[in-house]
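The next block holds one structure in the form of structure tokens; read it before the comments.
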Amino acid sequence: MDIGPLRDSRPFRDVFIARTVSVFGIGMLAVALPVQVYAMTGSTVHVGAVSAAEGFALLAGFLWGGVLADRHDRRRLMVRARLFAGAGFVLLTVNAFLPSPSLAALYVLAAWDGFATGVSVTALLAATPALVRPDKLVAAGALNALTVRLGSMLSPALGGLVVSAFGVGWNYAAAALGTLGTVTLLTRLPALPPAPDGEAAERNPLRAIGSGLHFVATHRVVGSLMLLGLLFMVAGGIPVLMPAFAEHALDGGPTTVGLLYAAPACGAVLASVTSGWAGRSRRPGLALLTASVAGFAALACLGLARHPALAVAILFGYGFVASVEEILRYGLIQTHTPASHLGRVNALWAAQETGGEAVGAIGAGALGRYLAPGAAIVVYGTVSAVLALVLALTLTGLRTATLGPGAGPDTDGDGDGDAGKGAGPDPGVAIDAGPEPR
């Protein structure tokens, strides 16, 4: 794994540590909130509704954060968003220690945290290209992906242990303390103002988001990446079928289901820690499309598996190639997006990633009503693989896209970069932030 961004850039190192702490705090919250709501109400309806409130607020935070990140200093935005999130954790702690905790407060504070997280993540994604050299963007994406994967594997278990040993109040208190630490790290960053963009500053938020959508729709590389992301939204529904697949196709129980859920994350971690080659790839767009087709083909094969070990191995491989696709997609998006649009484009990407699981889950649940779980997975994987292959053959802008200095940022939408065209600031240099951080 290429750890150059951590070694060479103190600002990126601070952001990486802050992001890691935040991911663990979010994971612990993901355990404590459902546990507390169910203990108070005994209702899965309330548990689902609180999660939905947080999810919708997260999407709103992504979109609003994208507009703010293209208008205001991104360091200041990250600090304020984390302070906002920390205040929410403090209020959750106070509420948990009350003799009669308020259910309404849990709804409000769940949305509070979701919105703050959305704004913070978007600002961080938009700021990252200014903290590392252009040739280290893929490595930075791999490090961020590793943080998310490890956090999703370990933080729920840590949160469960804290809740079991000390109660939900101390879980929230630990998250609040961690957030305070992240604010301290983020205040050490250099100023990270967005690139000058008079149109973005003058437009109202909805028109600014529309401008970002127009850029994505007309750009050969970034638009193709978002289109490919729609397929991964569909694949995001596969986990819904796992319990039934384990029971009917694999003759397994809860342990088998747990292994099926864990396997893709383990494969993704391996992809992250062996991702040094990705930043040196001469044809990253082609590699990304190849990984996409291979991943969907693996899902189609999963539906035919009849032994737990084989199913786990296939899902491990799927997690590996899906993570390769994610890492390359991150690098290509950051490289081909002009600095003035980084906030909104990253917001749309994050919203697509987050909303994809919900959309895919609805589709998978509907398909599972009419087909056996194994057959439903085969249909999902086969259709997605065919569509990915069609995209690989038709999206020439993405297939030939590169990560080299001449690749971006591309403002005219032709996918060939704007090197030498006066495209604006280099994505590896923070505007008005002094010398490039090393």
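Ligands are numbered from 1 in the order shown, chains are lettered A, B, ... in the order of the structure tokens, and residues start at 1 in each chain.
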Selection: 8 Å around Gly285 (chain A), only C-alpha atoms, excl. self and same-chain fewer than 2 positions, as a PDB file with all heavy atoms, in the first residue's frame:
```pdb
ATOM      1  N   ARG A 283      -3.705   2.924 -17.440  1.00  0.00           N
ATOM      2  CA  ARG A 283      -5.069   2.935 -17.966  1.00  0.00           C
ATOM      3  C   ARG A 283      -6.049   2.704 -16.815  1.00  0.00           C
ATOM      4  O   ARG A 283      -6.736   1.685 -16.770  1.00  0.00           O
ATOM      5  CB  ARG A 283      -5.229   1.843 -19.025  1.00  0.00           C
ATOM      6  CG  ARG A 283      -4.276   1.942 -20.195  1.00  0.00           C
ATOM      7  CD  ARG A 283      -4.580   3.139 -21.095  1.00  0.00           C
ATOM      8  NE  ARG A 283      -5.860   3.002 -21.750  1.00  0.00           N
ATOM      9  CZ  ARG A 283      -6.056   2.339 -22.883  1.00  0.00           C
ATOM     10  NH1 ARG A 283      -5.040   1.740 -23.494  1.00  0.00           N
ATOM     11  NH2 ARG A 283      -7.248   2.288 -23.431  1.00  0.00           N
ATOM     12  N   ALA A 287      -8.954  -0.232 -16.241  1.00  0.00           N
ATOM     13  CA  ALA A 287      -8.866  -1.118 -15.082  1.00  0.00           C
ATOM     14  C   ALA A 287     -10.144  -1.053 -14.247  1.00  0.00           C
ATOM     15  O   ALA A 287     -10.642  -2.070 -13.758  1.00  0.00           O
ATOM     16  CB  ALA A 287      -7.659  -0.745 -14.223  1.00  0.00           C
ATOM     17  N   LEU A 288     -10.698   0.140 -14.102  1.00  0.00           N
ATOM     18  CA  LEU A 288     -11.932   0.323 -13.344  1.00  0.00           C
ATOM     19  C   LEU A 288     -13.089  -0.414 -14.012  1.00  0.00           C
ATOM     20  O   LEU A 288     -13.872  -1.119 -13.346  1.00  0.00           O
ATOM     21  CB  LEU A 288     -12.222   1.820 -13.227  1.00  0.00           C
ATOM     22  CG  LEU A 288     -13.486   2.272 -12.480  1.00  0.00           C
ATOM     23  CD1 LEU A 288     -13.240   3.634 -11.851  1.00  0.00           C
ATOM     24  CD2 LEU A 288     -14.670   2.368 -13.434  1.00  0.00           C
ATOM     25  N   LEU A 289     -13.226  -0.271 -15.316  1.00  0.00           N
ATOM     26  CA  LEU A 289     -14.310  -0.938 -16.032  1.00  0.00           C
ATOM     27  C   LEU A 289     -14.144  -2.454 -15.976  1.00  0.00           C
ATOM     28  O   LEU A 289     -15.133  -3.188 -15.827  1.00  0.00           O
ATOM     29  CB  LEU A 289     -14.341  -0.456 -17.481  1.00  0.00           C
ATOM     30  CG  LEU A 289     -14.815   0.987 -17.671  1.00  0.00           C
ATOM     31  CD1 LEU A 289     -14.495   1.472 -19.079  1.00  0.00           C
ATOM     32  CD2 LEU A 289     -16.309   1.089 -17.406  1.00  0.00           C
ATOM     33  N   LEU A 328     -10.147   3.572  -7.690  1.00  0.00           N
ATOM     34  CA  LEU A 328      -9.856   4.199  -8.980  1.00  0.00           C
ATOM     35  C   LEU A 328     -10.885   5.275  -9.310  1.00  0.00           C
ATOM     36  O   LEU A 328     -10.544   6.323  -9.872  1.00  0.00           O
ATOM     37  CB  LEU A 328      -9.834   3.131 -10.074  1.00  0.00           C
ATOM     38  CG  LEU A 328      -8.655   2.155 -10.021  1.00  0.00           C
ATOM     39  CD1 LEU A 328      -8.853   1.031 -11.031  1.00  0.00           C
ATOM     40  CD2 LEU A 328      -7.336   2.876 -10.303  1.00  0.00           C
ATOM     41  N   LEU A 332     -10.084   9.234 -10.200  1.00  0.00           N
ATOM     42  CA  LEU A 332     -10.494   9.827 -11.466  1.00  0.00           C
ATOM     43  C   LEU A 332     -11.434  11.008 -11.258  1.00  0.00           C
ATOM     44  O   LEU A 332     -11.342  12.021 -11.961  1.00  0.00           O
ATOM     45  CB  LEU A 332     -11.159   8.765 -12.346  1.00  0.00           C
ATOM     46  CG  LEU A 332     -10.199   7.730 -12.958  1.00  0.00           C
ATOM     47  CD1 LEU A 332     -10.977   6.549 -13.519  1.00  0.00           C
ATOM     48  CD2 LEU A 332      -9.344   8.371 -14.044  1.00  0.00           C
ATOM     49  N   LEU A 398     -14.123   7.353 -20.616  1.00  0.00           N
ATOM     50  CA  LEU A 398     -13.694   6.725 -19.370  1.00  0.00           C
ATOM     51  C   LEU A 398     -12.663   5.649 -19.637  1.00  0.00           C
ATOM     52  O   LEU A 398     -11.691   5.513 -18.893  1.00  0.00           O
ATOM     53  CB  LEU A 398     -14.909   6.133 -18.645  1.00  0.00           C
ATOM     54  CG  LEU A 398     -14.628   5.388 -17.339  1.00  0.00           C
ATOM     55  CD1 LEU A 398     -13.893   6.290 -16.357  1.00  0.00           C
ATOM     56  CD2 LEU A 398     -15.932   4.881 -16.722  1.00  0.00           C
ATOM     57  N   ARG A 399     -12.846   4.884 -20.719  1.00  0.00           N
ATOM     58  CA  ARG A 399     -11.923   3.785 -21.008  1.00  0.00           C
ATOM     59  C   ARG A 399     -10.504   4.288 -21.244  1.00  0.00           C
ATOM     60  O   ARG A 399      -9.532   3.621 -20.918  1.00  0.00           O
ATOM     61  CB  ARG A 399     -12.426   3.000 -22.216  1.00  0.00           C
ATOM     62  CG  ARG A 399     -11.744   1.648 -22.384  1.00  0.00           C
ATOM     63  CD  ARG A 399     -12.431   0.778 -23.425  1.00  0.00           C
ATOM     64  NE  ARG A 399     -12.354   1.341 -24.764  1.00  0.00           N
ATOM     65  CZ  ARG A 399     -13.395   1.735 -25.481  1.00  0.00           C
ATOM     66  NH1 ARG A 399     -14.602   1.673 -24.966  1.00  0.00           N
ATOM     67  NH2 ARG A 399     -13.231   2.210 -26.704  1.00  0.00           N
ATOM     68  N   THR A 400     -10.371   5.483 -21.796  1.00  0.00           N
ATOM     69  CA  THR A 400      -9.042   6.027 -22.093  1.00  0.00           C
ATOM     70  C   THR A 400      -8.576   7.056 -21.065  1.00  0.00           C
ATOM     71  O   THR A 400      -7.513   7.651 -21.239  1.00  0.00           O
ATOM     72  CB  THR A 400      -9.048   6.686 -23.485  1.00  0.00           C
ATOM     73  OG1 THR A 400     -10.035   7.738 -23.507  1.00  0.00           O
ATOM     74  CG2 THR A 400      -9.382   5.659 -24.564  1.00  0.00           C
ATOM     75  N   ALA A 401      -9.363   7.285 -20.012  1.00  0.00           N
ATOM     76  CA  ALA A 401      -9.011   8.297 -19.012  1.00  0.00           C
ATOM     77  C   ALA A 401      -7.743   7.904 -18.268  1.00  0.00           C
ATOM     78  O   ALA A 401      -7.469   6.727 -18.032  1.00  0.00           O
ATOM     79  CB  ALA A 401     -10.160   8.475 -18.014  1.00  0.00           C
ATOM     80  N   THR A 402      -6.960   8.913 -17.880  1.00  0.00           N
ATOM     81  CA  THR A 402      -5.718   8.683 -17.152  1.00  0.00           C
ATOM     82  C   THR A 402      -5.699   9.523 -15.884  1.00  0.00           C
ATOM     83  O   THR A 402      -6.555  10.377 -15.659  1.00  0.00           O
ATOM     84  CB  THR A 402      -4.499   9.052 -18.014  1.00  0.00           C
ATOM     85  OG1 THR A 402      -4.511  10.467 -18.249  1.00  0.00           O
ATOM     86  CG2 THR A 402      -4.525   8.314 -19.338  1.00  0.00           C
TER      87      THR A 402
END
```
Open item on the list: Applying 7 Å and only C-alpha atoms, which residues near region 137-151 of chain A remain after dropping the ones on its own chain fewer than 6 positions away? List them as a list in words.
Closed with: Asp2, Ile3, Pro5, Thr20, Val23, Phe24, Gly27, Pro129, Ala265, Val269, Ser272, Ser275, Gly276, Ala278, Gly279, Ile327, Leu328, Tyr330 and Gly331 of chain A
Open item on the list: Report as JSON, numbers by chain all protein, DNA and RNA residues lying within 9 Å of region 230-239 of chain A, evaluated on only C-alpha atoms, omitting residues in the same chain fewer than 3 positions from it.
Closed with: {"A": [225, 226, 227, 242, 243, 260, 261, 292, 296, 299, 322, 352, 353, 354, 355, 356, 357, 358, 359, 360, 361, 362, 363, 364, 365, 376, 377, 380, 381, 384, 385, 387, 388]}
Store the residues of this selection in a file with N, CA and C atoms, as a CSV table (one decimal), in the first residue's frame.
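Full text of part_28.csv as output:
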```csv
chain,number,residue,atom,x,y,z
A,225,LEU,N,-18.5,8.0,-14.8
A,225,LEU,CA,-18.2,7.4,-13.5
A,225,LEU,C,-19.5,7.4,-12.7
A,226,MET,N,-20.3,8.4,-12.8
A,226,MET,CA,-21.6,8.5,-12.1
A,226,MET,C,-22.6,7.5,-12.7
A,227,LEU,N,-22.5,7.3,-14.0
A,227,LEU,CA,-23.4,6.3,-14.6
A,227,LEU,C,-23.1,4.9,-14.2
A,242,MET,N,-29.3,-12.1,1.5
A,242,MET,CA,-28.4,-13.0,2.2
A,242,MET,C,-29.0,-13.9,3.2
A,243,PRO,N,-29.9,-13.5,4.1
A,243,PRO,CA,-30.5,-14.4,5.1
A,243,PRO,C,-31.2,-15.6,4.4
A,260,LEU,N,-21.2,-14.2,5.4
A,260,LEU,CA,-21.5,-13.6,4.1
A,260,LEU,C,-21.5,-12.1,4.1
A,261,TYR,N,-21.9,-11.5,5.2
A,261,TYR,CA,-21.9,-10.1,5.4
A,261,TYR,C,-20.4,-9.6,5.5
A,292,SER,N,-15.2,-3.6,-12.6
A,292,SER,CA,-16.7,-3.6,-12.5
A,292,SER,C,-17.3,-4.8,-13.1
A,296,PHE,N,-19.4,-7.8,-11.0
A,296,PHE,CA,-20.8,-8.2,-11.2
A,296,PHE,C,-20.9,-9.7,-11.7
A,299,LEU,N,-20.9,-11.8,-8.7
A,299,LEU,CA,-22.2,-11.9,-8.0
A,299,LEU,C,-23.1,-12.9,-8.7
A,322,ALA,N,-14.6,-4.7,-6.1
A,322,ALA,CA,-15.4,-3.5,-5.9
A,322,ALA,C,-14.6,-2.4,-5.2
A,352,GLN,N,-25.0,9.5,-3.9
A,352,GLN,CA,-25.2,8.3,-4.8
A,352,GLN,C,-24.8,7.0,-4.0
A,353,GLU,N,-23.6,7.1,-3.4
A,353,GLU,CA,-23.1,5.9,-2.7
A,353,GLU,C,-24.1,5.6,-1.5
A,354,THR,N,-24.5,6.6,-0.8
A,354,THR,CA,-25.4,6.4,0.4
A,354,THR,C,-26.8,5.9,0.0
A,355,GLY,N,-27.4,6.6,-1.0
A,355,GLY,CA,-28.7,6.3,-1.4
A,355,GLY,C,-28.8,5.0,-2.2
A,356,GLY,N,-27.7,4.6,-2.7
A,356,GLY,CA,-27.7,3.4,-3.6
A,356,GLY,C,-28.1,2.1,-2.8
A,357,GLU,N,-27.7,2.0,-1.6
A,357,GLU,CA,-28.1,0.8,-0.8
A,357,GLU,C,-29.6,0.7,-0.6
A,358,ALA,N,-30.2,1.9,-0.3
A,358,ALA,CA,-31.6,1.9,-0.1
A,358,ALA,C,-32.4,1.6,-1.4
A,359,VAL,N,-31.9,2.2,-2.5
A,359,VAL,CA,-32.6,1.9,-3.8
A,359,VAL,C,-32.4,0.4,-4.2
A,360,GLY,N,-31.2,-0.1,-4.0
A,360,GLY,CA,-30.9,-1.5,-4.3
A,360,GLY,C,-31.7,-2.4,-3.4
A,361,ALA,N,-31.8,-2.1,-2.2
A,361,ALA,CA,-32.6,-2.9,-1.2
A,361,ALA,C,-34.0,-3.1,-1.6
A,362,ILE,N,-34.6,-2.0,-2.1
A,362,ILE,CA,-36.0,-2.1,-2.5
A,362,ILE,C,-36.2,-3.0,-3.7
A,363,GLY,N,-35.2,-2.9,-4.7
A,363,GLY,CA,-35.3,-3.7,-5.9
A,363,GLY,C,-35.0,-5.2,-5.5
A,364,ALA,N,-34.1,-5.4,-4.7
A,364,ALA,CA,-33.8,-6.8,-4.3
A,364,ALA,C,-34.9,-7.4,-3.6
A,365,GLY,N,-35.5,-6.7,-2.6
A,365,GLY,CA,-36.7,-7.2,-1.9
A,365,GLY,C,-37.8,-7.5,-2.8
A,376,ALA,N,-32.5,-14.9,-7.9
A,376,ALA,CA,-32.5,-13.5,-7.8
A,376,ALA,C,-31.1,-12.9,-7.9
A,377,ILE,N,-30.2,-13.5,-7.2
A,377,ILE,CA,-28.8,-13.0,-7.2
A,377,ILE,C,-28.2,-13.2,-8.6
A,380,TYR,N,-29.6,-10.5,-10.8
A,380,TYR,CA,-28.9,-9.2,-10.5
A,380,TYR,C,-27.5,-9.1,-11.1
A,381,GLY,N,-26.7,-10.2,-10.8
A,381,GLY,CA,-25.3,-10.1,-11.2
A,381,GLY,C,-25.2,-10.2,-12.7
A,384,SER,N,-26.3,-6.8,-14.4
A,384,SER,CA,-25.4,-5.8,-14.1
A,384,SER,C,-24.1,-6.0,-14.8
A,385,ALA,N,-23.6,-7.2,-14.9
A,385,ALA,CA,-22.4,-7.5,-15.7
A,385,ALA,C,-22.5,-7.2,-17.2
A,387,LEU,N,-24.6,-5.0,-18.5
A,387,LEU,CA,-24.7,-3.5,-18.6
A,387,LEU,C,-23.3,-2.9,-18.4
A,388,ALA,N,-22.5,-3.4,-17.5
A,388,ALA,CA,-21.2,-2.9,-17.3
A,388,ALA,C,-20.3,-3.1,-18.5
```
Task: Selected residue, from A:Trp349, A:Trp64, A:Phe316, A:Phe97, that lies nearest to Leu259 (chain A) when counting only C-alpha atoms - done: A:Phe316
Open item on the list: I need the residues of region 118-173 of chain A that end up classed as alpha helix (DSSP H) by DSSP on the backbone, written out as a PyMOL selection string.
Closed with: chain A and resi 118-127+137-166+168-173
For those residues, write N, CA and C atoms to a file as a compact mmCIF listing (two decimals), in the first residue's frame.
```txt
# COMPACT_ATOMS: atom_id res chain seq x y z
N GLY A 118 -22.88 14.66 6.91
CA GLY A 118 -22.91 14.89 5.47
C GLY A 118 -22.10 16.10 5.07
N VAL A 119 -22.26 17.20 5.80
CA VAL A 119 -21.51 18.42 5.49
C VAL A 119 -20.01 18.19 5.69
N SER A 120 -19.66 17.53 6.80
CA SER A 120 -18.25 17.30 7.12
C SER A 120 -17.56 16.42 6.08
N VAL A 121 -18.22 15.32 5.69
CA VAL A 121 -17.63 14.40 4.73
C VAL A 121 -17.43 15.08 3.37
N THR A 122 -18.43 15.84 2.93
CA THR A 122 -18.32 16.53 1.64
C THR A 122 -17.17 17.53 1.64
N ALA A 123 -17.04 18.31 2.71
CA ALA A 123 -15.95 19.27 2.80
C ALA A 123 -14.61 18.57 2.80
N LEU A 124 -14.52 17.44 3.50
CA LEU A 124 -13.26 16.69 3.55
C LEU A 124 -12.88 16.17 2.17
N LEU A 125 -13.85 15.58 1.45
CA LEU A 125 -13.56 15.06 0.11
C LEU A 125 -13.11 16.17 -0.83
N ALA A 126 -13.77 17.33 -0.73
CA ALA A 126 -13.40 18.45 -1.60
C ALA A 126 -12.03 19.02 -1.26
N ALA A 127 -11.63 18.91 0.01
CA ALA A 127 -10.36 19.50 0.45
C ALA A 127 -9.17 18.60 0.17
N LEU A 137 -3.29 11.08 -5.36
CA LEU A 137 -4.73 11.12 -5.10
C LEU A 137 -5.31 9.71 -4.95
N VAL A 138 -4.87 8.78 -5.79
CA VAL A 138 -5.37 7.41 -5.68
C VAL A 138 -4.94 6.80 -4.35
N ALA A 139 -3.70 7.05 -3.94
CA ALA A 139 -3.23 6.53 -2.66
C ALA A 139 -4.04 7.11 -1.51
N ALA A 140 -4.37 8.41 -1.60
CA ALA A 140 -5.20 9.02 -0.57
C ALA A 140 -6.58 8.38 -0.54
N GLY A 141 -7.14 8.10 -1.72
CA GLY A 141 -8.44 7.44 -1.78
C GLY A 141 -8.40 6.05 -1.17
N ALA A 142 -7.31 5.32 -1.40
CA ALA A 142 -7.18 3.98 -0.83
C ALA A 142 -7.09 4.04 0.70
N LEU A 143 -6.36 5.02 1.21
CA LEU A 143 -6.25 5.17 2.67
C LEU A 143 -7.61 5.52 3.28
N ASN A 144 -8.35 6.41 2.62
CA ASN A 144 -9.68 6.75 3.11
C ASN A 144 -10.62 5.54 3.07
N ALA A 145 -10.52 4.76 1.98
CA ALA A 145 -11.36 3.57 1.87
C ALA A 145 -11.02 2.56 2.96
N LEU A 146 -9.73 2.42 3.26
CA LEU A 146 -9.32 1.49 4.32
C LEU A 146 -9.90 1.92 5.67
N THR A 147 -9.89 3.22 5.93
CA THR A 147 -10.45 3.73 7.18
C THR A 147 -11.92 3.37 7.30
N VAL A 148 -12.67 3.59 6.22
CA VAL A 148 -14.11 3.30 6.25
C VAL A 148 -14.36 1.81 6.44
N ARG A 149 -13.61 0.98 5.74
CA ARG A 149 -13.83 -0.47 5.83
C ARG A 149 -13.51 -0.99 7.22
N LEU A 150 -12.36 -0.60 7.75
CA LEU A 150 -12.00 -1.05 9.09
C LEU A 150 -12.98 -0.52 10.13
N GLY A 151 -13.40 0.73 9.94
CA GLY A 151 -14.37 1.31 10.87
C GLY A 151 -15.68 0.56 10.85
N SER A 152 -16.15 0.18 9.64
CA SER A 152 -17.42 -0.54 9.54
C SER A 152 -17.32 -1.93 10.13
N MET A 153 -16.11 -2.50 10.17
CA MET A 153 -15.93 -3.83 10.74
C MET A 153 -15.78 -3.79 12.26
N LEU A 154 -15.05 -2.77 12.77
CA LEU A 154 -14.67 -2.78 14.18
C LEU A 154 -15.53 -1.88 15.06
N SER A 155 -15.99 -0.74 14.53
CA SER A 155 -16.69 0.21 15.41
C SER A 155 -18.02 -0.31 15.95
N PRO A 156 -18.83 -1.07 15.18
CA PRO A 156 -20.04 -1.61 15.79
C PRO A 156 -19.75 -2.54 16.96
N ALA A 157 -18.70 -3.36 16.81
CA ALA A 157 -18.33 -4.26 17.91
C ALA A 157 -17.88 -3.46 19.13
N LEU A 158 -17.08 -2.40 18.88
CA LEU A 158 -16.63 -1.56 19.99
C LEU A 158 -17.82 -0.87 20.66
N GLY A 159 -18.74 -0.36 19.84
CA GLY A 159 -19.93 0.28 20.40
C GLY A 159 -20.76 -0.68 21.22
N GLY A 160 -20.91 -1.91 20.74
CA GLY A 160 -21.66 -2.91 21.49
C GLY A 160 -21.03 -3.23 22.82
N LEU A 161 -19.69 -3.31 22.84
CA LEU A 161 -19.00 -3.59 24.10
C LEU A 161 -19.20 -2.45 25.11
N VAL A 162 -19.10 -1.21 24.63
CA VAL A 162 -19.27 -0.06 25.53
C VAL A 162 -20.70 -0.02 26.08
N VAL A 163 -21.68 -0.25 25.20
CA VAL A 163 -23.07 -0.24 25.65
C VAL A 163 -23.31 -1.34 26.66
N SER A 164 -22.78 -2.54 26.41
CA SER A 164 -22.98 -3.67 27.33
C SER A 164 -22.33 -3.43 28.68
N ALA A 165 -21.14 -2.83 28.65
CA ALA A 165 -20.39 -2.66 29.90
C ALA A 165 -20.81 -1.42 30.69
N PHE A 166 -21.13 -0.33 29.98
CA PHE A 166 -21.35 0.93 30.69
C PHE A 166 -22.69 1.61 30.40
N VAL A 168 -25.58 3.19 27.15
CA VAL A 168 -25.54 4.01 25.95
C VAL A 168 -25.01 5.42 26.23
N GLY A 169 -25.23 5.92 27.44
CA GLY A 169 -24.78 7.27 27.77
C GLY A 169 -23.27 7.40 27.63
N TRP A 170 -22.53 6.42 28.11
CA TRP A 170 -21.08 6.48 28.01
C TRP A 170 -20.61 6.27 26.58
N ASN A 171 -21.40 5.55 25.78
CA ASN A 171 -21.09 5.42 24.36
C ASN A 171 -21.12 6.79 23.69
N TYR A 172 -22.19 7.55 23.94
CA TYR A 172 -22.30 8.90 23.38
C TYR A 172 -21.19 9.81 23.91
N ALA A 173 -20.85 9.66 25.19
CA ALA A 173 -19.80 10.49 25.79
C ALA A 173 -18.45 10.23 25.12
```
List as a PDB file with all heavy atoms, in the first residue's frame the protein and nucleic acid residues near Ala339 (chain A), meaning an atom at most 6 Å away when only C-alpha atoms are counted, but skip any in the same chain fewer than 2 places from it.
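Output file out07.pdb follows:
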```pdb
ATOM      1  N   ALA A 195     -11.838  27.351  -5.200  1.00  0.00           N
ATOM      2  CA  ALA A 195     -11.389  28.116  -6.359  1.00  0.00           C
ATOM      3  C   ALA A 195     -12.414  29.195  -6.678  1.00  0.00           C
ATOM      4  O   ALA A 195     -13.607  29.005  -6.472  1.00  0.00           O
ATOM      5  CB  ALA A 195     -11.213  27.192  -7.562  1.00  0.00           C
ATOM      6  N   HIS A 341     -15.666  22.983  -8.632  1.00  0.00           N
ATOM      7  CA  HIS A 341     -16.827  22.097  -8.582  1.00  0.00           C
ATOM      8  C   HIS A 341     -16.622  20.909  -7.645  1.00  0.00           C
ATOM      9  O   HIS A 341     -17.512  20.051  -7.540  1.00  0.00           O
ATOM     10  CB  HIS A 341     -17.143  21.559  -9.985  1.00  0.00           C
ATOM     11  CG  HIS A 341     -17.784  22.556 -10.890  1.00  0.00           C
ATOM     12  ND1 HIS A 341     -17.126  23.682 -11.341  1.00  0.00           N
ATOM     13  CD2 HIS A 341     -19.032  22.609 -11.434  1.00  0.00           C
ATOM     14  CE1 HIS A 341     -17.928  24.377 -12.133  1.00  0.00           C
ATOM     15  NE2 HIS A 341     -19.093  23.760 -12.196  1.00  0.00           N
ATOM     16  N   LEU A 342     -15.471  20.824  -6.978  1.00  0.00           N
ATOM     17  CA  LEU A 342     -15.175  19.640  -6.177  1.00  0.00           C
ATOM     18  C   LEU A 342     -16.212  19.384  -5.095  1.00  0.00           C
ATOM     19  O   LEU A 342     -16.563  18.232  -4.816  1.00  0.00           O
ATOM     20  CB  LEU A 342     -13.779  19.776  -5.539  1.00  0.00           C
ATOM     21  CG  LEU A 342     -12.592  19.387  -6.421  1.00  0.00           C
ATOM     22  CD1 LEU A 342     -11.284  19.768  -5.743  1.00  0.00           C
ATOM     23  CD2 LEU A 342     -12.626  17.889  -6.725  1.00  0.00           C
TER      24      LEU A 342
END
```
Task: Gap from CA of Pro193 (chain A) to CA of Ser340 (chain A) - Å, one decimal - done: 9.9 Å
If we count only C-alpha atoms, what is near Phe245 (chain A) at a cut-off of 9 Å, once residues fewer than 3 positions away on the same chain are taken out, given as a CSV table (one decimal) with N, CA and C atoms, in the first residue's frame?
```
chain,number,residue,atom,x,y,z
A,241,LEU,N,-30.8,-10.1,0.4
A,241,LEU,CA,-31.2,-11.5,0.0
A,241,LEU,C,-30.3,-12.5,0.8
A,242,MET,N,-29.3,-12.1,1.5
A,242,MET,CA,-28.4,-13.0,2.2
A,242,MET,C,-29.0,-13.9,3.2
A,248,HIS,N,-31.8,-21.2,2.3
A,248,HIS,CA,-32.4,-22.0,1.3
A,248,HIS,C,-31.3,-22.6,0.3
A,249,ALA,N,-30.3,-21.9,0.1
A,249,ALA,CA,-29.3,-22.4,-0.9
A,249,ALA,C,-28.0,-23.0,-0.2
A,250,LEU,N,-27.7,-22.5,1.0
A,250,LEU,CA,-26.5,-23.0,1.6
A,250,LEU,C,-26.7,-23.8,2.9
A,251,ASP,N,-28.0,-24.0,3.2
A,251,ASP,CA,-28.4,-24.8,4.4
A,251,ASP,C,-27.6,-24.2,5.7
A,252,GLY,N,-27.5,-22.9,5.8
A,252,GLY,CA,-26.8,-22.3,6.9
A,252,GLY,C,-27.7,-21.5,7.8
A,257,VAL,N,-24.8,-16.4,7.7
A,257,VAL,CA,-25.2,-15.0,7.3
A,257,VAL,C,-24.1,-14.0,7.7
A,303,GLY,N,-24.9,-16.6,-6.9
A,303,GLY,CA,-26.2,-17.2,-6.9
A,303,GLY,C,-26.2,-18.7,-7.2
A,372,ALA,N,-36.5,-17.4,-6.3
A,372,ALA,CA,-35.7,-18.0,-5.2
A,372,ALA,C,-34.5,-17.1,-5.0
A,373,PRO,N,-33.9,-17.0,-3.8
A,373,PRO,CA,-32.8,-16.0,-3.5
A,373,PRO,C,-31.6,-16.3,-4.4
A,374,GLY,N,-31.3,-17.5,-4.7
A,374,GLY,CA,-30.1,-17.8,-5.6
A,374,GLY,C,-30.4,-17.3,-7.0
A,377,ILE,N,-30.2,-13.5,-7.2
A,377,ILE,CA,-28.8,-13.0,-7.2
A,377,ILE,C,-28.2,-13.2,-8.6
```
Open item on the list: List the spatial neighbours of Arg188 (chain A) as a VMD selection string - criterion: any atom at most 10 Å away, only C-alpha atoms, same-chain residues fewer than 4 positions off excluded.
Closed with: chain A and resid 10 to 11 14 to 15 75 183 to 184
TODO: Might you pull out every residue within 8 Å of Thr182 (chain A), with only C-alpha atoms counted and same-chain residues fewer than 6 positions away left off, and present them as a ChimeraX atom specification?
DONE: /A:17-19,21-22,82
Open item on the list: So, with only C-alpha atoms as the atoms that count, which of A:Ala309, A:Ala175, A:Ala351, A:Leu58 lies closest to Leu91 (chain A)?
Closed with: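 The answer is A:Ala175, which sits nearest to Leu91 (chain A).
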